[in-house]
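Everything below concerns the one structure shown next.
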Amino acid sequence: MKKGIAASKGYAIGYVSIKENEEIIITNDKVKDTKEEIERLVKALDISRTQIEEVKQKAFENMGEEKAAVFESHIMLLEDPEFVGAIKLEIEDNKTNAEKAVSSVSGTFLSIFEAMEDEYMKERAADIKDVSNRIVLNLLGKVKSLEIQEENTVLVAEDLTPSDTAQLDKEKVIAFLTNIGGRTSHSAIMARTLEIPAVVGMKDITSLVKNKDFVIVDGIEGNVIINPDKETIKIYEEKAKEYKKEVEELKSLIEVKTSTRSGKRIDVAGNIGQPEDVNKVIENGADGVGLFRTEFLYMDKDKLPTEEEQFESYKYVLQKMENKPVVIRTLDIGGDKKLSYLPLPEEMNPFLGYRAIRLCLDRVDIFKVQLRALLRASVFGNLKVMFPMISSLSEFLKAKDIVEECKKELKAENIKYSDSIEWGIMVEIPAAAVCAKELAKHVDFFSIGTNDLIQYTLAADRMSEKVSYLYEPMHPAVLSLIKMTIEGAHGEGKWCGMCGEMAGDIDAIPTLVEYGLDEFSMSASSILGAKKVILDQE
Ligand code: PEP
Ligand code: MG
């Protein structure tokens with residue numbers, strides 16, 4: 001048995017087809033006629049564009065609008081004056097051949113993206129690789145396609161690009177395995193969207209198997225069994241049957257409003273990082289959005305997003321959710337989340353440093369742009385706003401003062417905003433949990449951020465593998481703080497939710513229901529499983 005990272009749930013039993021990488025040889029040859037070389041480049045860009053349009057159409061048919069949008073960004077890159085301009089300049093100035101010029105310019109762009117700490121941005125580098133690879137193949141006259149003829153194919157590759165995955169025929173490819181990648185890599189995200197099992201980050205699977213090998217893919221445990229015996233096949237066929245039944249059963253919960261057996265209504269909401277993520281949240285029957293991590297709007301760029309850009313994103317989510325609650329968290333930058341264009345001080349302990357609300361209260365100019373956008377968007381739905389990393393009442397009150405300033409400005413400008421926005425805080429610092437009773441007098445709601453609360457309570461860095469054994473959601477100290485927070489909220493008639501990973505942990509849900517948690521917010525794919533567990537509680 002070979003282990004990797006479970007990237008997309010499910011079981012598959014089928015035959016290996018290894019995706020061979022096209023051999024690309026790029027020379028350092030100089031060109032004589034740069035005009036002719038640029039014409040060659042323009043032609044390759046045109047062909048690439050037509051191909052991407054086709055892939056986009058396929059992606060739309062296979063995976064829907066949201067995933068097809070990835071290819072819109074590929075087309076944008078083909079038309080990006082900075083990208084294309086730099087390639088042309090390289091040809092003109094240095095007489096570099098077009099293939100080499102594309103590869104060196106994309107290399108520069110790639111190194112910028114890959115150097116970013118954020119996983120999401122790192123993965124955007126995959127888009128650049130995909131597009132530049134395509135241009136080079138077209139310059140070399142090679143075709144890039146992934147036609148799978150056989151049914152029951154388990155595709156094995158070094159990695160799969162977004163255009164590879166978009167072209168996959170779900171009737172034939174039943175799973176895939178890759179050497180590289182993690183849970184947030186493009187191929188993993190695509191596999192979850194296609195709902196086919198995948199194990200990624202297998203390091204050397206391409207050399208462990210050969211074409212036509214028979215394999216079992218266990219996308220739940222992240223295991224692959226190569227040429228299994230009859231007994232093992234039987235066991236996995238049974239597991240696959242069970243799993244399929246479970247998935248079908250869960251689908252019946254999409255429309256179900258979640259209550260416990262004793263009748264307590266509990267909201268199950270979804271976490272999002274980008275406005276489009278809201279579509280998956282809706283598809284999984286969520287009661288609302290419990291956490292919109294707005295920092296992703298700031299990360300996907302080279303400068304701060306404008307009020308207008310933010311307004312459009314918030315409005316989009318609010319309208320899509322059709323009056324269901326949408327909890328938007330104000331900028332939570334710092335710690336592990338950095339912005340390339342906003343240098344933060346070098347600190348010994350960035351997680352204990354200048355981040356989140358601390359930064360916003362210091363950079364009121366940045367904070368106000370977001371608050372104005374939120375206030376303006378509030379008329380389009382049921383908006384709730386929360387501030388991250390609150391450690392004491394004064395921070396909340398200061399933030400609210402700035403909100404009041406923004407309201408005054410908007411009023412003077414004759415711009416509407418809703419008067420019924422709820423204002424809450426994330427409880428993710430132990431001090432806030434301990435002071436919950438007092439804080440609850442002033443806020444409209446709490447949302448417990450267990451990802452941080454656990455690391456601060458147990459002094460165990462959430463990013464460190466070395467101390468991960470200490471990072472224990474069910475530690476009595478953590479549970480006690482959670483209980484205190486919920487009771488603090490209820491004592492003042494306020495509601496309390498949770499948006500850290502623990503909210504979607506089926507082993508923790510029974511305890512949280514028992515404590516009286518009112519709202520559980522999690523990644524879209526965990527929603528139905530969580531609903532099932534909650535429905536089973538007293
Ligand atoms: C948390 O800390 O639990 C949380 C939801 O916020 P983030 O993971 O973005 O820090
Ligand atoms: Mg947090």
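Numbering starts fresh at 1 for the residues of each chain in the structure tokens, the chains themselves are lettered A, B, ... in the order given, and ligands are numbered from 1 as they appear.
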#### Entry: Contacts to ligand 2 at 12 Å cut-off (only C-alpha atoms and all ligand atoms) as a VMD selection string
chain A and resid 291 to 293 295 329 to 337 351 to 352 355 to 357 386 to 390 425 to 429 447 to 456 462 498 to 501
Nearby residues (only C-alpha atoms) at most 10 Å from A:Ile328, same-chain spacing under 3 positions excluded, as a ChimeraX atom specification:
/A:271-272,289-294,314,317-318,325,331,374,383-387,423-424
The residue from A:Glu238, A:Asp461, A:Glu248, A:Glu195 with the smallest atom-to-atom distance to A:Gly219, counting only C-alpha atoms, is A:Glu195
Legend entry - Residue neighbourhood A:Tyr417, 7 Å, only C-alpha atoms, exclusion window fewer than 2 positions, as an NGL selection string: :A and (375-376 or 378-379 or 415 or 419)
Could you pull out all residues of stretch 363-517 of chain A with a DSSP call of alpha helix (DSSP H) and give them as a JSON list (two decimals) with N, CA, C and O atoms, in the first residue's frame?
```
[["chain", "number", "residue", "atom", "x", "y", "z"],
["A", 364, "VAL", "N", -6.21, 53.12, 10.09],
["A", 364, "VAL", "CA", -7.64, 53.43, 9.94],
["A", 364, "VAL", "C", -7.97, 53.72, 8.48],
["A", 364, "VAL", "O", -9.08, 53.45, 8.00],
["A", 365, "ASP", "N", -6.98, 54.25, 7.73],
["A", 365, "ASP", "CA", -7.22, 54.54, 6.31],
["A", 365, "ASP", "C", -7.64, 53.27, 5.56],
["A", 365, "ASP", "O", -8.60, 53.27, 4.78],
["A", 366, "ILE", "N", -6.94, 52.17, 5.83],
["A", 366, "ILE", "CA", -7.26, 50.89, 5.17],
["A", 366, "ILE", "C", -8.60, 50.35, 5.68],
["A", 366, "ILE", "O", -9.45, 49.91, 4.92],
["A", 367, "PHE", "N", -8.77, 50.43, 6.99],
["A", 367, "PHE", "CA", -9.96, 49.88, 7.65],
["A", 367, "PHE", "C", -11.24, 50.56, 7.12],
["A", 367, "PHE", "O", -12.23, 49.91, 6.82],
["A", 368, "LYS", "N", -11.16, 51.89, 6.97],
["A", 368, "LYS", "CA", -12.37, 52.63, 6.59],
["A", 368, "LYS", "C", -12.84, 52.27, 5.18],
["A", 368, "LYS", "O", -14.04, 52.25, 4.92],
["A", 369, "VAL", "N", -11.91, 51.98, 4.30],
["A", 369, "VAL", "CA", -12.30, 51.61, 2.93],
["A", 369, "VAL", "C", -13.18, 50.35, 3.00],
["A", 369, "VAL", "O", -14.22, 50.26, 2.36],
["A", 370, "GLN", "N", -12.75, 49.38, 3.83],
["A", 370, "GLN", "CA", -13.52, 48.14, 3.94],
["A", 370, "GLN", "C", -14.87, 48.38, 4.62],
["A", 370, "GLN", "O", -15.90, 47.87, 4.16],
["A", 371, "LEU", "N", -14.85, 49.16, 5.69],
["A", 371, "LEU", "CA", -16.11, 49.39, 6.42],
["A", 371, "LEU", "C", -17.13, 50.12, 5.54],
["A", 371, "LEU", "O", -18.32, 49.80, 5.55],
["A", 372, "ARG", "N", -16.66, 51.09, 4.76],
["A", 372, "ARG", "CA", -17.58, 51.81, 3.85],
["A", 372, "ARG", "C", -18.16, 50.83, 2.82],
["A", 372, "ARG", "O", -19.36, 50.86, 2.53],
["A", 373, "ALA", "N", -17.32, 49.96, 2.29],
["A", 373, "ALA", "CA", -17.80, 48.99, 1.30],
["A", 373, "ALA", "C", -18.84, 48.06, 1.93],
["A", 373, "ALA", "O", -19.87, 47.75, 1.33],
["A", 374, "LEU", "N", -18.58, 47.64, 3.18],
["A", 374, "LEU", "CA", -19.51, 46.75, 3.87],
["A", 374, "LEU", "C", -20.85, 47.46, 4.13],
["A", 374, "LEU", "O", -21.92, 46.90, 3.89],
["A", 375, "LEU", "N", -20.76, 48.69, 4.61],
["A", 375, "LEU", "CA", -22.00, 49.44, 4.91],
["A", 375, "LEU", "C", -22.81, 49.62, 3.62],
["A", 375, "LEU", "O", -24.03, 49.40, 3.61],
["A", 376, "ARG", "N", -22.15, 49.97, 2.55],
["A", 376, "ARG", "CA", -22.86, 50.18, 1.28],
["A", 376, "ARG", "C", -23.52, 48.89, 0.79],
["A", 376, "ARG", "O", -24.62, 48.90, 0.24],
["A", 377, "ALA", "N", -22.80, 47.76, 0.99],
["A", 377, "ALA", "CA", -23.35, 46.48, 0.50],
["A", 377, "ALA", "C", -24.50, 45.99, 1.37],
["A", 377, "ALA", "O", -25.31, 45.16, 0.93],
["A", 393, "LEU", "N", -12.53, 44.63, 25.36],
["A", 393, "LEU", "CA", -13.69, 45.42, 24.96],
["A", 393, "LEU", "C", -13.26, 46.69, 24.21],
["A", 393, "LEU", "O", -13.91, 47.11, 23.26],
["A", 394, "SER", "N", -12.18, 47.31, 24.67],
["A", 394, "SER", "CA", -11.81, 48.61, 24.07],
["A", 394, "SER", "C", -11.57, 48.49, 22.57],
["A", 394, "SER", "O", -11.88, 49.40, 21.81],
["A", 395, "GLU", "N", -11.02, 47.38, 22.14],
["A", 395, "GLU", "CA", -10.80, 47.22, 20.69],
["A", 395, "GLU", "C", -12.13, 47.20, 19.93],
["A", 395, "GLU", "O", -12.26, 47.82, 18.88],
["A", 396, "PHE", "N", -13.09, 46.48, 20.49],
["A", 396, "PHE", "CA", -14.40, 46.43, 19.83],
["A", 396, "PHE", "C", -15.02, 47.83, 19.78],
["A", 396, "PHE", "O", -15.54, 48.26, 18.75],
["A", 397, "LEU", "N", -14.94, 48.55, 20.92],
["A", 397, "LEU", "CA", -15.56, 49.88, 20.96],
["A", 397, "LEU", "C", -14.86, 50.84, 20.00],
["A", 397, "LEU", "O", -15.52, 51.64, 19.33],
["A", 398, "LYS", "N", -13.53, 50.74, 19.91],
["A", 398, "LYS", "CA", -12.81, 51.60, 18.96],
["A", 398, "LYS", "C", -13.25, 51.29, 17.53],
["A", 398, "LYS", "O", -13.46, 52.19, 16.72],
["A", 399, "ALA", "N", -13.36, 50.01, 17.22],
["A", 399, "ALA", "CA", -13.77, 49.62, 15.87],
["A", 399, "ALA", "C", -15.17, 50.17, 15.58],
["A", 399, "ALA", "O", -15.42, 50.70, 14.49],
["A", 400, "LYS", "N", -16.04, 50.07, 16.58],
["A", 400, "LYS", "CA", -17.41, 50.57, 16.38],
["A", 400, "LYS", "C", -17.42, 52.09, 16.18],
["A", 400, "LYS", "O", -18.24, 52.63, 15.43],
["A", 401, "ASP", "N", -16.51, 52.81, 16.86],
["A", 401, "ASP", "CA", -16.41, 54.26, 16.66],
["A", 401, "ASP", "C", -16.07, 54.58, 15.21],
["A", 401, "ASP", "O", -16.60, 55.52, 14.62],
["A", 402, "ILE", "N", -15.17, 53.78, 14.65],
["A", 402, "ILE", "CA", -14.77, 54.02, 13.25],
["A", 402, "ILE", "C", -15.94, 53.70, 12.31],
["A", 402, "ILE", "O", -16.16, 54.40, 11.33],
["A", 403, "VAL", "N", -16.72, 52.68, 12.70],
["A", 403, "VAL", "CA", -17.92, 52.37, 11.91],
["A", 403, "VAL", "C", -18.84, 53.60, 11.92],
["A", 403, "VAL", "O", -19.38, 54.00, 10.88],
["A", 404, "GLU", "N", -19.02, 54.20, 13.10],
["A", 404, "GLU", "CA", -19.89, 55.38, 13.21],
["A", 404, "GLU", "C", -19.40, 56.52, 12.32],
["A", 404, "GLU", "O", -20.18, 57.19, 11.66],
["A", 405, "GLU", "N", -18.08, 56.72, 12.31],
["A", 405, "GLU", "CA", -17.50, 57.75, 11.43],
["A", 405, "GLU", "C", -17.88, 57.49, 9.98],
["A", 405, "GLU", "O", -18.26, 58.40, 9.25],
["A", 406, "CYS", "N", -17.73, 56.24, 9.58],
["A", 406, "CYS", "CA", -18.04, 55.86, 8.18],
["A", 406, "CYS", "C", -19.51, 56.11, 7.87],
["A", 406, "CYS", "O", -19.86, 56.58, 6.79],
["A", 407, "LYS", "N", -20.36, 55.77, 8.85],
["A", 407, "LYS", "CA", -21.80, 55.97, 8.63],
["A", 407, "LYS", "C", -22.08, 57.46, 8.40],
["A", 407, "LYS", "O", -22.86, 57.82, 7.52],
["A", 408, "LYS", "N", -21.44, 58.29, 9.22],
["A", 408, "LYS", "CA", -21.64, 59.74, 9.11],
["A", 408, "LYS", "C", -21.24, 60.22, 7.72],
["A", 408, "LYS", "O", -21.95, 60.98, 7.08],
["A", 409, "GLU", "N", -20.08, 59.75, 7.28],
["A", 409, "GLU", "CA", -19.58, 60.15, 5.95],
["A", 409, "GLU", "C", -20.59, 59.75, 4.86],
["A", 409, "GLU", "O", -20.91, 60.54, 4.00],
["A", 410, "LEU", "N", -21.06, 58.50, 4.96],
["A", 410, "LEU", "CA", -21.98, 58.02, 3.93],
["A", 410, "LEU", "C", -23.28, 58.83, 3.94],
["A", 410, "LEU", "O", -23.83, 59.16, 2.89],
["A", 411, "LYS", "N", -23.74, 59.13, 5.14],
["A", 411, "LYS", "CA", -24.97, 59.91, 5.27],
["A", 411, "LYS", "C", -24.80, 61.25, 4.56],
["A", 411, "LYS", "O", -25.65, 61.69, 3.78],
["A", 412, "ALA", "N", -23.64, 61.88, 4.83],
["A", 412, "ALA", "CA", -23.37, 63.19, 4.21],
["A", 412, "ALA", "C", -23.30, 63.08, 2.69],
["A", 412, "ALA", "O", -23.61, 64.03, 1.98],
["A", 430, "PRO", "N", -7.84, 33.52, 24.13],
["A", 430, "PRO", "CA", -8.42, 33.06, 25.40],
["A", 430, "PRO", "C", -8.99, 34.20, 26.25],
["A", 430, "PRO", "O", -10.03, 34.06, 26.88],
["A", 431, "ALA", "N", -8.34, 35.36, 26.22],
["A", 431, "ALA", "CA", -8.82, 36.50, 27.03],
["A", 431, "ALA", "C", -10.25, 36.86, 26.67],
["A", 431, "ALA", "O", -11.06, 37.19, 27.56],
["A", 432, "ALA", "N", -10.59, 36.79, 25.40],
["A", 432, "ALA", "CA", -11.95, 37.14, 24.99],
["A", 432, "ALA", "C", -12.94, 36.10, 25.52],
["A", 432, "ALA", "O", -14.05, 36.44, 25.94],
["A", 433, "ALA", "N", -12.52, 34.84, 25.52],
["A", 433, "ALA", "CA", -13.41, 33.79, 26.03],
["A", 433, "ALA", "C", -13.64, 33.98, 27.53],
["A", 433, "ALA", "O", -14.77, 33.89, 28.02],
["A", 434, "VAL", "N", -12.56, 34.30, 28.24],
["A", 434, "VAL", "CA", -12.67, 34.49, 29.69],
["A", 434, "VAL", "C", -13.57, 35.70, 30.00],
["A", 434, "VAL", "O", -14.31, 35.70, 30.98],
["A", 436, "ALA", "N", -16.02, 36.74, 28.14],
["A", 436, "ALA", "CA", -17.20, 36.66, 27.27],
["A", 436, "ALA", "C", -18.44, 37.30, 27.89],
["A", 436, "ALA", "O", -19.22, 37.97, 27.20],
["A", 437, "LYS", "N", -18.60, 37.11, 29.19],
["A", 437, "LYS", "CA", -19.79, 37.61, 29.86],
["A", 437, "LYS", "C", -19.90, 39.13, 29.69],
["A", 437, "LYS", "O", -20.96, 39.67, 29.38],
["A", 438, "GLU", "N", -18.77, 39.78, 29.88],
["A", 438, "GLU", "CA", -18.72, 41.24, 29.78],
["A", 438, "GLU", "C", -18.88, 41.69, 28.32],
["A", 438, "GLU", "O", -19.65, 42.59, 28.00],
["A", 439, "LEU", "N", -18.12, 41.04, 27.45],
["A", 439, "LEU", "CA", -18.15, 41.42, 26.03],
["A", 439, "LEU", "C", -19.55, 41.25, 25.45],
["A", 439, "LEU", "O", -19.99, 42.03, 24.60],
["A", 450, "THR", "N", -11.78, 28.59, 16.48],
["A", 450, "THR", "CA", -11.00, 27.57, 17.21],
["A", 450, "THR", "C", -9.59, 27.36, 16.63],
["A", 450, "THR", "O", -8.70, 26.93, 17.35],
["A", 451, "ASN", "N", -9.41, 27.68, 15.35],
["A", 451, "ASN", "CA", -8.07, 27.46, 14.77],
["A", 451, "ASN", "C", -7.03, 28.23, 15.58],
["A", 451, "ASN", "O", -5.95, 27.72, 15.89],
["A", 452, "ASP", "N", -7.38, 29.48, 15.89],
["A", 452, "ASP", "CA", -6.45, 30.27, 16.70],
["A", 452, "ASP", "C", -6.64, 30.03, 18.20],
["A", 452, "ASP", "O", -5.67, 29.95, 18.94],
["A", 453, "LEU", "N", -7.89, 29.89, 18.62],
["A", 453, "LEU", "CA", -8.14, 29.70, 20.06],
["A", 453, "LEU", "C", -7.35, 28.50, 20.61],
["A", 453, "LEU", "O", -6.76, 28.57, 21.69],
["A", 454, "ILE", "N", -7.30, 27.44, 19.84],
["A", 454, "ILE", "CA", -6.58, 26.24, 20.31],
["A", 454, "ILE", "C", -5.08, 26.53, 20.41],
["A", 454, "ILE", "O", -4.42, 26.21, 21.40],
["A", 455, "GLN", "N", -4.53, 27.19, 19.37],
["A", 455, "GLN", "CA", -3.08, 27.42, 19.41],
["A", 455, "GLN", "C", -2.68, 28.36, 20.55],
["A", 455, "GLN", "O", -1.66, 28.19, 21.18],
["A", 456, "TYR", "N", -3.55, 29.36, 20.83],
["A", 456, "TYR", "CA", -3.20, 30.29, 21.91],
["A", 456, "TYR", "C", -3.40, 29.65, 23.29],
["A", 456, "TYR", "O", -2.66, 29.90, 24.22],
["A", 457, "THR", "N", -4.43, 28.83, 23.41],
["A", 457, "THR", "CA", -4.72, 28.21, 24.71],
["A", 457, "THR", "C", -3.64, 27.19, 25.08],
["A", 457, "THR", "O", -3.18, 27.13, 26.23],
["A", 458, "LEU", "N", -3.23, 26.41, 24.07],
["A", 458, "LEU", "CA", -2.28, 25.33, 24.37],
["A", 458, "LEU", "C", -0.84, 25.71, 24.03],
["A", 458, "LEU", "O", 0.07, 24.89, 24.15],
["A", 476, "PRO", "N", -9.45, 19.70, 27.66],
["A", 476, "PRO", "CA", -10.42, 20.28, 28.60],
["A", 476, "PRO", "C", -10.34, 21.81, 28.71],
["A", 476, "PRO", "O", -11.36, 22.48, 28.90],
["A", 477, "ALA", "N", -9.14, 22.38, 28.56],
["A", 477, "ALA", "CA", -9.01, 23.84, 28.66],
["A", 477, "ALA", "C", -9.73, 24.52, 27.49],
["A", 477, "ALA", "O", -10.42, 25.53, 27.67],
["A", 478, "VAL", "N", -9.59, 23.93, 26.31],
["A", 478, "VAL", "CA", -10.25, 24.51, 25.12],
["A", 478, "VAL", "C", -11.76, 24.39, 25.29],
["A", 478, "VAL", "O", -12.50, 25.35, 25.09],
["A", 479, "LEU", "N", -12.20, 23.20, 25.69],
["A", 479, "LEU", "CA", -13.64, 22.98, 25.85],
["A", 479, "LEU", "C", -14.23, 23.93, 26.88],
["A", 479, "LEU", "O", -15.32, 24.48, 26.71],
["A", 480, "SER", "N", -13.47, 24.15, 27.93],
["A", 480, "SER", "CA", -13.96, 25.03, 28.99],
["A", 480, "SER", "C", -14.11, 26.47, 28.47],
["A", 480, "SER", "O", -15.10, 27.16, 28.78],
["A", 481, "LEU", "N", -13.17, 26.92, 27.65],
["A", 481, "LEU", "CA", -13.27, 28.28, 27.10],
["A", 481, "LEU", "C", -14.45, 28.39, 26.13],
["A", 481, "LEU", "O", -15.14, 29.41, 26.07],
["A", 482, "ILE", "N", -14.67, 27.32, 25.37],
["A", 482, "ILE", "CA", -15.79, 27.33, 24.42],
["A", 482, "ILE", "C", -17.12, 27.43, 25.18],
["A", 482, "ILE", "O", -18.00, 28.24, 24.86],
["A", 483, "LYS", "N", -17.21, 26.64, 26.24],
["A", 483, "LYS", "CA", -18.44, 26.62, 27.04],
["A", 483, "LYS", "C", -18.69, 28.01, 27.65],
["A", 483, "LYS", "O", -19.81, 28.53, 27.62],
["A", 484, "MET", "N", -17.62, 28.58, 28.17],
["A", 484, "MET", "CA", -17.69, 29.89, 28.80],
["A", 484, "MET", "C", -18.19, 30.94, 27.79],
["A", 484, "MET", "O", -18.99, 31.82, 28.13],
["A", 485, "THR", "N", -17.72, 30.83, 26.57],
["A", 485, "THR", "CA", -18.09, 31.80, 25.53],
["A", 485, "THR", "C", -19.57, 31.67, 25.20],
["A", 485, "THR", "O", -20.30, 32.67, 25.12],
["A", 486, "ILE", "N", -20.01, 30.42, 25.02],
["A", 486, "ILE", "CA", -21.42, 30.20, 24.66],
["A", 486, "ILE", "C", -22.32, 30.70, 25.80],
["A", 486, "ILE", "O", -23.30, 31.41, 25.59],
["A", 487, "GLU", "N", -21.94, 30.34, 27.03],
["A", 487, "GLU", "CA", -22.77, 30.76, 28.17],
["A", 487, "GLU", "C", -22.76, 32.28, 28.33],
["A", 487, "GLU", "O", -23.77, 32.89, 28.66],
["A", 488, "GLY", "N", -21.60, 32.87, 28.07],
["A", 488, "GLY", "CA", -21.50, 34.35, 28.13],
["A", 488, "GLY", "C", -22.47, 34.99, 27.17],
["A", 488, "GLY", "O", -23.19, 35.94, 27.52],
["A", 489, "ALA", "N", -22.51, 34.48, 25.94],
["A", 489, "ALA", "CA", -23.41, 35.05, 24.92],
["A", 489, "ALA", "C", -24.86, 34.86, 25.36],
["A", 489, "ALA", "O", -25.65, 35.82, 25.39],
["A", 490, "HIS", "N", -25.20, 33.64, 25.74],
["A", 490, "HIS", "CA", -26.60, 33.34, 26.08],
["A", 490, "HIS", "C", -27.07, 34.14, 27.29],
["A", 490, "HIS", "O", -28.24, 34.53, 27.37],
["A", 491, "GLY", "N", -26.17, 34.39, 28.21],
["A", 491, "GLY", "CA", -26.51, 35.18, 29.41],
["A", 491, "GLY", "C", -27.04, 36.56, 29.05],
["A", 491, "GLY", "O", -27.81, 37.18, 29.77],
["A", 509, "ILE", "N", -18.75, 17.75, 17.15],
["A", 509, "ILE", "CA", -20.10, 18.33, 17.05],
["A", 509, "ILE", "C", -21.03, 17.96, 18.22],
["A", 509, "ILE", "O", -21.67, 18.84, 18.80],
["A", 510, "PRO", "N", -21.10, 16.68, 18.64],
["A", 510, "PRO", "CA", -22.02, 16.36, 19.74],
["A", 510, "PRO", "C", -21.76, 17.20, 21.00],
["A", 510, "PRO", "O", -22.70, 17.71, 21.61],
["A", 511, "THR", "N", -20.48, 17.37, 21.35],
["A", 511, "THR", "CA", -20.16, 18.18, 22.55],
["A", 511, "THR", "C", -20.60, 19.63, 22.35],
["A", 511, "THR", "O", -21.16, 20.27, 23.25],
["A", 512, "LEU", "N", -20.36, 20.16, 21.14],
["A", 512, "LEU", "CA", -20.69, 21.56, 20.88],
["A", 512, "LEU", "C", -22.21, 21.78, 20.90],
["A", 512, "LEU", "O", -22.69, 22.81, 21.38],
["A", 513, "VAL", "N", -22.95, 20.78, 20.41],
["A", 513, "VAL", "CA", -24.41, 20.89, 20.47],
["A", 513, "VAL", "C", -24.85, 20.89, 21.93],
["A", 513, "VAL", "O", -25.68, 21.69, 22.35],
["A", 514, "GLU", "N", -24.23, 20.01, 22.70],
["A", 514, "GLU", "CA", -24.58, 19.91, 24.12],
["A", 514, "GLU", "C", -24.31, 21.24, 24.84],
["A", 514, "GLU", "O", -25.07, 21.66, 25.70],
["A", 515, "TYR", "N", -23.24, 21.93, 24.45],
["A", 515, "TYR", "CA", -22.93, 23.22, 25.07],
["A", 515, "TYR", "C", -23.90, 24.33, 24.63],
["A", 515, "TYR", "O", -23.88, 25.41, 25.17]]
```
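Taking atom CA of A:Leu110 as the reference point, atom CA of A:Lys88 is found at 17.8 Å.
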Could you name the residues that touch A:Asp518 at 9 Å or less, counting only C-alpha atoms, but leaving out those on the same chain fewer than 2 positions away, as a PyMOL selection string? chain A and resi 264-268+486+495-498+513+516+520
Strand (DSSP E) positions in stretch 433-538 of chain A, given as a list in words: Phe445, Phe446, Ser447, Ile448, Trp495, Cys496, Gly497, Met498, Glu519, Phe520, Ser521 and Met522 of chain A
task = Can you work out which one of A:Thr232, A:Thr96, A:Asn62, A:Ser73 has the shortest atom-to-atom distance to A:Lys170, counting only C-alpha atoms?
result =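 Distance minimum relative to A:Lys170 lands on A:Asn62.
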